[in-house]
>>> print(open('my_file_19.pdb').read())   # PDB, C-alpha atoms
ATOM      1  CA  MET A 288    -103.244 -74.041 108.344
ATOM      2  CA  ARG A 289    -102.879 -70.560 109.820
ATOM      3  CA  ALA A 290    -101.635 -69.109 106.512
ATOM      4  CA  LEU A 291    -104.580 -70.692 104.678
ATOM      5  CA  LYS A 292    -107.012 -69.084 107.126
ATOM      6  CA  ILE A 293    -105.396 -65.666 106.743
ATOM      7  CA  ILE A 294    -105.396 -65.834 102.940
ATOM      8  CA  SER A 295    -109.009 -67.021 102.952
ATOM      9  CA  TYR A 296    -110.038 -64.216 105.270
ATOM     10  CA  ILE A 297    -108.360 -61.576 103.082
ATOM     11  CA  LEU A 298    -110.021 -62.916  99.939
ATOM     12  CA  ILE A 299    -113.406 -63.027 101.663
ATOM     13  CA  ILE A 300    -113.006 -59.380 102.677
ATOM     14  CA  ILE A 301    -112.113 -58.458  99.078
ATOM     15  CA  GLY A 302    -115.185 -60.308  97.818
ATOM     16  CA  ALA A 303    -117.466 -58.739 100.408
ATOM     17  CA  LEU A 304    -116.214 -55.238  99.639
ATOM     18  CA  ASN A 305    -116.677 -55.846  95.929
ATOM     19  CA  TRP A 306    -120.242 -57.057  96.474
ATOM     20  CA  GLY A 307    -120.898 -54.014  98.648
ATOM     21  CA  LEU A 308    -119.731 -51.763  95.818
ATOM     22  CA  VAL A 309    -121.895 -53.660  93.337
ATOM     23  CA  GLY A 310    -124.944 -53.388  95.586
ATOM     24  CA  LEU A 311    -124.519 -49.746  96.531
ATOM     25  CA  PHE A 312    -123.134 -48.195  93.368
ATOM     26  CA  ASN A 313    -123.440 -50.858  90.637
ATOM     27  CA  PHE A 314    -119.643 -50.716  90.445
ATOM     28  CA  ASP A 315    -117.643 -53.933  90.042
ATOM     29  CA  LEU A 316    -114.053 -53.192  91.065
ATOM     30  CA  VAL A 317    -112.763 -56.625  90.025
ATOM     31  CA  ALA A 318    -114.195 -56.159  86.516
ATOM     32  CA  LEU A 319    -112.700 -52.675  86.350
ATOM     33  CA  LEU A 320    -109.241 -53.896  87.351
ATOM     34  CA  PHE A 321    -109.103 -57.116  85.342
ATOM     35  CA  GLY A 322    -111.722 -56.726  82.600
ATOM     36  CA  GLU A 323    -115.327 -57.811  82.325
ATOM     37  CA  MET A 324    -115.258 -61.587  82.940
ATOM     38  CA  SER A 325    -111.662 -61.881  81.748
ATOM     39  CA  LEU A 326    -109.613 -64.874  82.797
ATOM     40  CA  LEU A 327    -108.041 -62.922  85.673
ATOM     41  CA  ALA A 328    -111.426 -61.662  86.891
ATOM     42  CA  ARG A 329    -112.800 -65.198  86.814
ATOM     43  CA  ILE A 330    -109.782 -66.432  88.785
ATOM     44  CA  VAL A 331    -110.410 -63.770  91.436
ATOM     45  CA  TYR A 332    -114.108 -64.707  91.658
ATOM     46  CA  ILE A 333    -113.234 -68.410  91.923
ATOM     47  CA  ALA A 334    -110.569 -67.718  94.576
ATOM     48  CA  VAL A 335    -113.077 -65.743  96.653
ATOM     49  CA  GLY A 336    -115.620 -68.561  96.396
ATOM     50  CA  VAL A 337    -113.083 -71.240  97.313
ATOM     51  CA  SER A 338    -111.948 -69.070 100.219
ATOM     52  CA  ALA A 339    -115.501 -68.966 101.534
ATOM     53  CA  ILE A 340    -115.690 -72.763 101.384
ATOM     54  CA  VAL A 341    -112.333 -73.080 103.173
ATOM     55  CA  SER A 342    -113.469 -70.626 105.833
ATOM     56  CA  ILE A 343    -116.726 -72.483 106.402
ATOM     57  CA  SER A 344    -114.868 -75.783 106.593
ATOM     58  CA  THR A 345    -112.253 -74.589 109.070
ATOM     59  CA  THR A 346    -114.825 -72.791 111.206
ATOM     60  CA  PHE A 347    -117.022 -75.875 111.528
ATOM     61  CA  ARG A 348    -113.975 -78.037 112.192
ATOM     62  CA  GLU A 349    -112.947 -75.750 115.073
ATOM     63  CA  ILE A 350    -116.483 -75.699 116.489
ATOM     64  CA  PHE A 351    -116.896 -79.463 116.481
ATOM     65  CA  GLU A 352    -113.405 -80.252 117.779
ATOM     66  CA  LYS A 353    -114.128 -78.530 121.086
TER      67      LYS A 353
END
>>> encode(input="my_file_19.pdb", output="structure tokens")
Amino acid sequence: MRALKIISYILIIIGALNWGLVGLFNFDLVALLFGEMSLLARIVYIAVGVSAIVSISTTFREIFEK
């Protein structure tokens, strides 16, 4: 479970930084690295979204277990 949390956290940071770049400079780093909506870019976007769901789930689980 600890490894899942760490991986999720890293992917969330990547997603947040990418959104910051999009908002500030209209620059999508994921699209630049992997191509505009290519299969790899879509996988990265999906992984970031799933990571957010995992993070929400584990956070609420920890809150309500106490």
>>> residues_around(input="my_file_19.pdb", residues="region 327-336 of chain A", least_positions_apart="3", cutoff="10 Å", atoms="all atoms listed in the file", output="JSON, numbers by chain")
{"A": [294, 295, 296, 297, 298, 299, 300, 301, 302, 303, 316, 317, 318, 319, 320, 321, 322, 323, 324, 339, 340, 341, 342]}
>>> atom_distance(input="my_file_19.pdb", atom1="CA of Trp306 (chain A)", atom2="CA of Ala290 (chain A)")
24.3 Å
>>> atom_distance(input="my_file_19.pdb", atom1="CA of Val337 (chain A)", atom2="CA of Asp315 (chain A)")
19.3 Å
>>> atom_distance(input="my_file_19.pdb", atom1="CA of Arg289 (chain A)", atom2="CA of Thr345 (chain A)")
10.2 Å
>>> axis_aligned_box(input="my_file_19.pdb", around="region 324-327 of chain A", padding_each_side="3 Å", output="JSON")
{"center_x": -111.6, "center_y": -63.2, "center_z": 83.7, "size_x": 13.2, "size_y": 9.3, "size_z": 9.9}
>>> decode(input="my_file_19.pdb", residues="region 320-333 of chain A", atoms="N, CA and C atoms", output="PDB file, in the first residue's frame")
ATOM      1  N   LEU A 320       6.242  16.003 -24.893  1.00  0.00           N
ATOM      2  CA  LEU A 320       7.080  14.816 -24.756  1.00  0.00           C
ATOM      3  C   LEU A 320       6.547  13.612 -25.521  1.00  0.00           C
ATOM      4  N   PHE A 321       5.227  13.430 -25.520  1.00  0.00           N
ATOM      5  CA  PHE A 321       4.650  12.206 -26.063  1.00  0.00           C
ATOM      6  C   PHE A 321       3.791  12.405 -27.306  1.00  0.00           C
ATOM      7  N   GLY A 322       3.556  13.646 -27.697  1.00  0.00           N
ATOM      8  CA  GLY A 322       2.718  13.918 -28.868  1.00  0.00           C
ATOM      9  C   GLY A 322       1.322  14.333 -28.444  1.00  0.00           C
ATOM     10  N   GLU A 323       0.730  15.173 -29.260  1.00  0.00           N
ATOM     11  CA  GLU A 323      -0.605  15.705 -28.972  1.00  0.00           C
ATOM     12  C   GLU A 323      -1.628  14.576 -28.975  1.00  0.00           C
ATOM     13  N   MET A 324      -2.126  14.218 -27.815  1.00  0.00           N
ATOM     14  CA  MET A 324      -3.120  13.169 -27.598  1.00  0.00           C
ATOM     15  C   MET A 324      -2.722  11.830 -28.230  1.00  0.00           C
ATOM     16  N   SER A 325      -1.433  11.530 -28.199  1.00  0.00           N
ATOM     17  CA  SER A 325      -0.967  10.219 -28.649  1.00  0.00           C
ATOM     18  C   SER A 325      -1.365   9.177 -27.603  1.00  0.00           C
ATOM     19  N   LEU A 326      -1.146   7.942 -27.914  1.00  0.00           N
ATOM     20  CA  LEU A 326      -1.486   6.873 -26.978  1.00  0.00           C
ATOM     21  C   LEU A 326      -0.713   7.037 -25.665  1.00  0.00           C
ATOM     22  N   LEU A 327       0.573   7.352 -25.750  1.00  0.00           N
ATOM     23  CA  LEU A 327       1.371   7.529 -24.536  1.00  0.00           C
ATOM     24  C   LEU A 327       0.889   8.719 -23.712  1.00  0.00           C
ATOM     25  N   ALA A 328       0.561   9.821 -24.372  1.00  0.00           N
ATOM     26  CA  ALA A 328       0.046  10.993 -23.655  1.00  0.00           C
ATOM     27  C   ALA A 328      -1.264  10.648 -22.951  1.00  0.00           C
ATOM     28  N   ARG A 329      -2.128   9.933 -23.638  1.00  0.00           N
ATOM     29  CA  ARG A 329      -3.404   9.543 -23.030  1.00  0.00           C
ATOM     30  C   ARG A 329      -3.184   8.633 -21.833  1.00  0.00           C
ATOM     31  N   ILE A 330      -2.204   7.733 -21.928  1.00  0.00           N
ATOM     32  CA  ILE A 330      -1.889   6.851 -20.801  1.00  0.00           C
ATOM     33  C   ILE A 330      -1.413   7.658 -19.608  1.00  0.00           C
ATOM     34  N   VAL A 331      -0.576   8.672 -19.860  1.00  0.00           N
ATOM     35  CA  VAL A 331      -0.106   9.528 -18.760  1.00  0.00           C
ATOM     36  C   VAL A 331      -1.283  10.263 -18.131  1.00  0.00           C
ATOM     37  N   TYR A 332      -2.162  10.844 -18.944  1.00  0.00           N
ATOM     38  CA  TYR A 332      -3.323  11.559 -18.410  1.00  0.00           C
ATOM     39  C   TYR A 332      -4.224  10.623 -17.602  1.00  0.00           C
ATOM     40  N   ILE A 333      -4.440   9.423 -18.094  1.00  0.00           N
ATOM     41  CA  ILE A 333      -5.270   8.444 -17.380  1.00  0.00           C
ATOM     42  C   ILE A 333      -4.601   8.043 -16.074  1.00  0.00           C
TER      43      ILE A 333
END
